[in-house]
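Student: Can you read through this structure? Questions will come right after.
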Amino acid sequence: MKDAMTPAPTNLRQLLLAATPRLRAAGIDAPQREARLLAAHAARTDLAGLLRIDTLPAPAVETFARALARRLRHEPMAYITGHTGFWSLDLEVSPHTLIPRADSETLIEAVLDHLPDHAAPLRVLDIGTGTGCLMLAVLAEYRQAWAIGTDLAPQAAGLAVRNATRNGLGARCATLCCNWADALTGPFDLILSNPPYIPHGDLAGLMPDVVNHEPARALDGGEDGLVAYRALAAVLPDLLAPGGIAVLELGIGQGDSVSGLMRAAGLEVAEIRPDLGGIGRALVVKK
């Protein structure tokens, strides 16, 4: 603990002033805000609550020092705090799954536009569910829907179950540990997937927060980044109900290639929806 910050001040302002330049020197973006997030985590409050705090007790200072040491090693903030927000949800996260990102909310926006009836009793499948963020966000919007999430990693499948319970959605979903959708026959009205799509040769160039901490199996899309999409194209036509849609997350510049795979499988490409950065992020296909 003393290695992380010596001496460890108890005054909050001193704590932040000492931590911020260390985070900046480590190459952490927005170091002042990151220091405040770490302090809020240590104080078991949020950024607004931090405004009402002048000093931290010794146990909180020790928690802050441990958390700061982890962040200086570029461990993602969400792994340090143990949770993150996605859509309207608060989700537990762990190093066994990718951290849900705002870009993936583009998939939920696409679902809402293509399936406007919020009372529809949708049958939903989330392939490679991870934290469960996609299926749980859909269940939060469609109160008569039910969902199945699949994941190859038992730890991820268990995490999705905990997140369903955490958000009051456990009665309307189940999670299976299997490869893609091997254990399922369908049909499903909506299929979601955020598959691994980073070309293998590009992994080393990712931010250290990602490549050194998030699970490689959830990132590595093979030599061309399209291995998972080929697997999805092989199963989606049989899993989708007539009139059903699939919404898939895309990597940068993959829209045309993945669209071609889906058309070759007999599916109609309805939309490539950009995220807030203008990158084609959500591919919507129909049966």
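In the structure tokens, chains take letters A, B, ... by order of appearance, with residues numbered from 1 within each chain and ligands from 1 in the order shown.
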Give me, as number ranges by chain, all polymer residues having an atom no more than 6 Å from stretch 123-133 of chain A, counting only C-alpha atoms and skipping those fewer than 5 positions away in the same chain.
Tutor: A: 97, 146-151, 156, 159-160, 180, 188-193
Student: What would the file look like if the residues just selected were written as a tab-separated table (two decimals), in the first residue's frame with N, CA, C and O atoms?
Tutor:
```
chain	number	residue	atom	x	y	z
A	97	THR	N	-14.97	-11.44	-18.98
A	97	THR	CA	-15.82	-10.92	-20.05
A	97	THR	C	-15.32	-9.57	-20.51
A	97	THR	O	-14.61	-8.86	-19.77
A	146	TRP	N	-38.65	-12.88	-23.55
A	146	TRP	CA	-37.78	-13.75	-22.76
A	146	TRP	C	-36.53	-14.02	-23.59
A	146	TRP	O	-36.55	-13.88	-24.82
A	147	ALA	N	-35.46	-14.40	-22.94
A	147	ALA	CA	-34.18	-14.50	-23.64
A	147	ALA	C	-33.36	-15.68	-23.16
A	147	ALA	O	-33.46	-16.11	-22.01
A	148	ILE	N	-32.52	-16.16	-24.07
A	148	ILE	CA	-31.48	-17.14	-23.76
A	148	ILE	C	-30.15	-16.53	-24.18
A	148	ILE	O	-30.01	-16.01	-25.29
A	149	GLY	N	-29.18	-16.60	-23.29
A	149	GLY	CA	-27.83	-16.17	-23.62
A	149	GLY	C	-26.90	-17.36	-23.63
A	149	GLY	O	-27.01	-18.25	-22.78
A	150	THR	N	-25.99	-17.41	-24.58
A	150	THR	CA	-25.01	-18.49	-24.64
A	150	THR	C	-23.60	-17.91	-24.52
A	150	THR	O	-23.34	-16.79	-24.97
A	151	ASP	N	-22.73	-18.68	-23.90
A	151	ASP	CA	-21.32	-18.27	-23.85
A	151	ASP	C	-20.48	-19.53	-23.65
A	151	ASP	O	-20.87	-20.45	-22.93
A	156	ALA	N	-18.36	-16.56	-17.68
A	156	ALA	CA	-19.19	-15.53	-18.31
A	156	ALA	C	-20.66	-15.88	-18.19
A	156	ALA	O	-21.50	-15.02	-17.89
A	159	LEU	N	-21.79	-15.05	-14.80
A	159	LEU	CA	-21.87	-13.61	-14.61
A	159	LEU	C	-23.15	-13.06	-15.20
A	159	LEU	O	-23.82	-12.19	-14.60
A	160	ALA	N	-23.55	-13.55	-16.37
A	160	ALA	CA	-24.80	-13.10	-16.99
A	160	ALA	C	-26.00	-13.43	-16.11
A	160	ALA	O	-26.94	-12.63	-15.99
A	180	TRP	N	-21.29	-21.12	-29.43
A	180	TRP	CA	-22.26	-20.40	-30.25
A	180	TRP	C	-23.67	-20.80	-29.87
A	180	TRP	O	-24.11	-20.54	-28.78
A	188	PHE	N	-36.13	-17.98	-33.14
A	188	PHE	CA	-36.04	-16.77	-32.34
A	188	PHE	C	-36.47	-15.57	-33.18
A	188	PHE	O	-36.15	-15.49	-34.37
A	189	ASP	N	-37.16	-14.66	-32.54
A	189	ASP	CA	-37.60	-13.44	-33.22
A	189	ASP	C	-36.47	-12.42	-33.32
A	189	ASP	O	-36.46	-11.59	-34.23
A	190	LEU	N	-35.55	-12.48	-32.38
A	190	LEU	CA	-34.44	-11.54	-32.34
A	190	LEU	C	-33.18	-12.28	-31.89
A	190	LEU	O	-33.20	-12.97	-30.87
A	191	ILE	N	-32.11	-12.14	-32.67
A	191	ILE	CA	-30.82	-12.70	-32.29
A	191	ILE	C	-29.81	-11.56	-32.21
A	191	ILE	O	-29.73	-10.72	-33.12
A	192	LEU	N	-29.08	-11.54	-31.13
A	192	LEU	CA	-28.07	-10.51	-30.88
A	192	LEU	C	-26.70	-11.17	-30.77
A	192	LEU	O	-26.59	-12.29	-30.30
A	193	SER	N	-25.67	-10.46	-31.18
A	193	SER	CA	-24.32	-10.96	-30.95
A	193	SER	C	-23.30	-9.84	-31.09
A	193	SER	O	-23.38	-9.02	-32.01
```
Student: May I have the residues within 6 Å of stretch 267-271 of chain A as a list in words, using only C-alpha atoms and disregarding those fewer than 2 positions away in the same chain?
Tutor: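 In the requested format, the answer is Met262, Arg263, Ala265, Arg273, Leu283, Val284, Val285, Lys286 and Lys287 of chain A.
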Student: Save out the residues we just selected, N, CA, C and O atoms, as a PDB file, in the first residue's frame.
Tutor:
```pdb
ATOM      1  N   MET A 262     -23.628 -12.475 -44.952  1.00  0.00           N
ATOM      2  CA  MET A 262     -25.029 -12.684 -44.592  1.00  0.00           C
ATOM      3  C   MET A 262     -25.903 -12.847 -45.839  1.00  0.00           C
ATOM      4  O   MET A 262     -26.807 -13.687 -45.867  1.00  0.00           O
ATOM      5  N   ARG A 263     -25.633 -12.075 -46.872  1.00  0.00           N
ATOM      6  CA  ARG A 263     -26.406 -12.223 -48.115  1.00  0.00           C
ATOM      7  C   ARG A 263     -26.157 -13.598 -48.739  1.00  0.00           C
ATOM      8  O   ARG A 263     -27.078 -14.236 -49.256  1.00  0.00           O
ATOM      9  N   ALA A 265     -25.670 -16.208 -47.205  1.00  0.00           N
ATOM     10  CA  ALA A 265     -26.412 -17.185 -46.404  1.00  0.00           C
ATOM     11  C   ALA A 265     -27.921 -17.078 -46.609  1.00  0.00           C
ATOM     12  O   ALA A 265     -28.679 -17.807 -45.967  1.00  0.00           O
ATOM     13  N   ARG A 273     -26.030   0.463 -39.049  1.00  0.00           N
ATOM     14  CA  ARG A 273     -26.266   1.662 -38.245  1.00  0.00           C
ATOM     15  C   ARG A 273     -24.956   2.160 -37.639  1.00  0.00           C
ATOM     16  O   ARG A 273     -24.232   1.401 -37.000  1.00  0.00           O
ATOM     17  N   LEU A 283     -25.115  -4.182 -37.562  1.00  0.00           N
ATOM     18  CA  LEU A 283     -25.646  -4.747 -38.791  1.00  0.00           C
ATOM     19  C   LEU A 283     -26.964  -5.430 -38.478  1.00  0.00           C
ATOM     20  O   LEU A 283     -27.035  -6.304 -37.611  1.00  0.00           O
ATOM     21  N   VAL A 284     -28.015  -5.021 -39.184  1.00  0.00           N
ATOM     22  CA  VAL A 284     -29.344  -5.627 -38.997  1.00  0.00           C
ATOM     23  C   VAL A 284     -29.653  -6.463 -40.234  1.00  0.00           C
ATOM     24  O   VAL A 284     -29.625  -5.966 -41.359  1.00  0.00           O
ATOM     25  N   VAL A 285     -29.920  -7.762 -40.009  1.00  0.00           N
ATOM     26  CA  VAL A 285     -30.291  -8.651 -41.113  1.00  0.00           C
ATOM     27  C   VAL A 285     -31.630  -9.301 -40.805  1.00  0.00           C
ATOM     28  O   VAL A 285     -31.996  -9.481 -39.639  1.00  0.00           O
ATOM     29  N   LYS A 286     -32.376  -9.629 -41.875  1.00  0.00           N
ATOM     30  CA  LYS A 286     -33.705 -10.194 -41.735  1.00  0.00           C
ATOM     31  C   LYS A 286     -33.780 -11.522 -42.471  1.00  0.00           C
ATOM     32  O   LYS A 286     -33.107 -11.732 -43.477  1.00  0.00           O
ATOM     33  N   LYS A 287     -34.657 -12.382 -41.963  1.00  0.00           N
ATOM     34  CA  LYS A 287     -34.950 -13.627 -42.653  1.00  0.00           C
ATOM     35  C   LYS A 287     -36.201 -13.398 -43.504  1.00  0.00           C
ATOM     36  O   LYS A 287     -37.236 -13.056 -42.969  1.00  0.00           O
TER      37      LYS A 287
END
```
Student: Quick one: which stretch 59-128 of chain A residues come within 10 Å of stretch 199-222 of chain A, and what is the nearest atom pair for each with the distance in Å to one decimal, counting only C-alpha atoms, rows ordered by chain and ascending number, as CSV?
Tutor:
```
residue,atom,partner,partner_atom,distance
A:Arg71,CA,A:Asp209,CA,9.0
A:Arg73,CA,A:Asp209,CA,8.3
A:His74,CA,A:Asp209,CA,4.9
A:Glu75,CA,A:Asp209,CA,5.5
A:Pro76,CA,A:Asp209,CA,5.6
A:Met77,CA,A:Asp209,CA,9.0
A:Tyr79,CA,A:His213,CA,9.0
A:Ser94,CA,A:Glu214,CA,8.9
A:Pro95,CA,A:Glu214,CA,5.8
A:His96,CA,A:Pro215,CA,6.1
A:Thr97,CA,A:Pro215,CA,6.3
A:Leu98,CA,A:Glu214,CA,5.8
A:Ile99,CA,A:Glu214,CA,7.7
A:Gly128,CA,A:Ala218,CA,8.5
```
Student: Any chance you could export the current selection's N, CA and C atoms as a PDB file, in the first residue's frame?
Tutor:
```pdb
ATOM      1  N   ARG A  71      -4.836   0.844 -11.415  1.00  0.00           N
ATOM      2  CA  ARG A  71      -5.108   1.705 -12.577  1.00  0.00           C
ATOM      3  C   ARG A  71      -3.816   2.149 -13.243  1.00  0.00           C
ATOM      4  N   ARG A  73      -1.340   0.396 -13.661  1.00  0.00           N
ATOM      5  CA  ARG A  73      -0.951  -0.728 -14.523  1.00  0.00           C
ATOM      6  C   ARG A  73      -1.915  -0.892 -15.687  1.00  0.00           C
ATOM      7  N   HIS A  74      -2.778   0.101 -15.879  1.00  0.00           N
ATOM      8  CA  HIS A  74      -3.747   0.132 -16.979  1.00  0.00           C
ATOM      9  C   HIS A  74      -4.838  -0.926 -16.854  1.00  0.00           C
ATOM     10  N   GLU A  75      -5.079  -1.396 -15.652  1.00  0.00           N
ATOM     11  CA  GLU A  75      -6.246  -2.246 -15.465  1.00  0.00           C
ATOM     12  C   GLU A  75      -7.491  -1.379 -15.641  1.00  0.00           C
ATOM     13  N   PRO A  76      -8.480  -1.845 -16.397  1.00  0.00           N
ATOM     14  CA  PRO A  76      -9.660  -1.020 -16.653  1.00  0.00           C
ATOM     15  C   PRO A  76     -10.386  -0.632 -15.369  1.00  0.00           C
ATOM     16  N   MET A  77     -10.915   0.585 -15.368  1.00  0.00           N
ATOM     17  CA  MET A  77     -11.627   1.081 -14.202  1.00  0.00           C
ATOM     18  C   MET A  77     -12.777   0.156 -13.812  1.00  0.00           C
ATOM     19  N   TYR A  79     -13.037  -3.049 -14.038  1.00  0.00           N
ATOM     20  CA  TYR A  79     -12.567  -4.217 -13.297  1.00  0.00           C
ATOM     21  C   TYR A  79     -12.197  -3.846 -11.865  1.00  0.00           C
ATOM     22  N   SER A  94     -16.214  -8.658 -14.845  1.00  0.00           N
ATOM     23  CA  SER A  94     -15.047  -9.392 -14.360  1.00  0.00           C
ATOM     24  C   SER A  94     -14.109  -9.601 -15.534  1.00  0.00           C
ATOM     25  N   PRO A  95     -12.846  -9.955 -15.271  1.00  0.00           N
ATOM     26  CA  PRO A  95     -11.895 -10.186 -16.369  1.00  0.00           C
ATOM     27  C   PRO A  95     -12.251 -11.363 -17.267  1.00  0.00           C
ATOM     28  N   HIS A  96     -13.299 -12.095 -16.944  1.00  0.00           N
ATOM     29  CA  HIS A  96     -13.730 -13.199 -17.808  1.00  0.00           C
ATOM     30  C   HIS A  96     -14.575 -12.721 -18.981  1.00  0.00           C
ATOM     31  N   THR A  97     -14.972 -11.441 -18.979  1.00  0.00           N
ATOM     32  CA  THR A  97     -15.822 -10.923 -20.052  1.00  0.00           C
ATOM     33  C   THR A  97     -15.317  -9.567 -20.509  1.00  0.00           C
ATOM     34  N   LEU A  98     -15.707  -9.199 -21.722  1.00  0.00           N
ATOM     35  CA  LEU A  98     -15.474  -7.833 -22.174  1.00  0.00           C
ATOM     36  C   LEU A  98     -16.271  -6.862 -21.311  1.00  0.00           C
ATOM     37  N   ILE A  99     -15.766  -5.669 -21.187  1.00  0.00           N
ATOM     38  CA  ILE A  99     -16.497  -4.610 -20.499  1.00  0.00           C
ATOM     39  C   ILE A  99     -17.506  -4.016 -21.481  1.00  0.00           C
ATOM     40  N   GLY A 128     -22.923 -15.468 -27.387  1.00  0.00           N
ATOM     41  CA  GLY A 128     -21.718 -14.898 -26.806  1.00  0.00           C
ATOM     42  C   GLY A 128     -22.082 -13.783 -25.848  1.00  0.00           C
TER      43      GLY A 128
END
```
Student: Could you pull the residues within 7 Å of stretch 32-42 of chain A, counting only C-alpha atoms, minus those fewer than 4 positions along the same chain, as a PyMOL selection string?
Tutor: chain A and resi 16+19-20+46-47+50+60+63-64+67-68+81
Student: Find the residue from A:Gly168, A:Gly253, A:Pro31, A:Pro21 that sits nearest to A:Gly278; use only C-alpha atoms when measuring.
Tutor: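 When distances to A:Gly278 are compared using only C-alpha atoms, the smallest one comes from A:Gly253.
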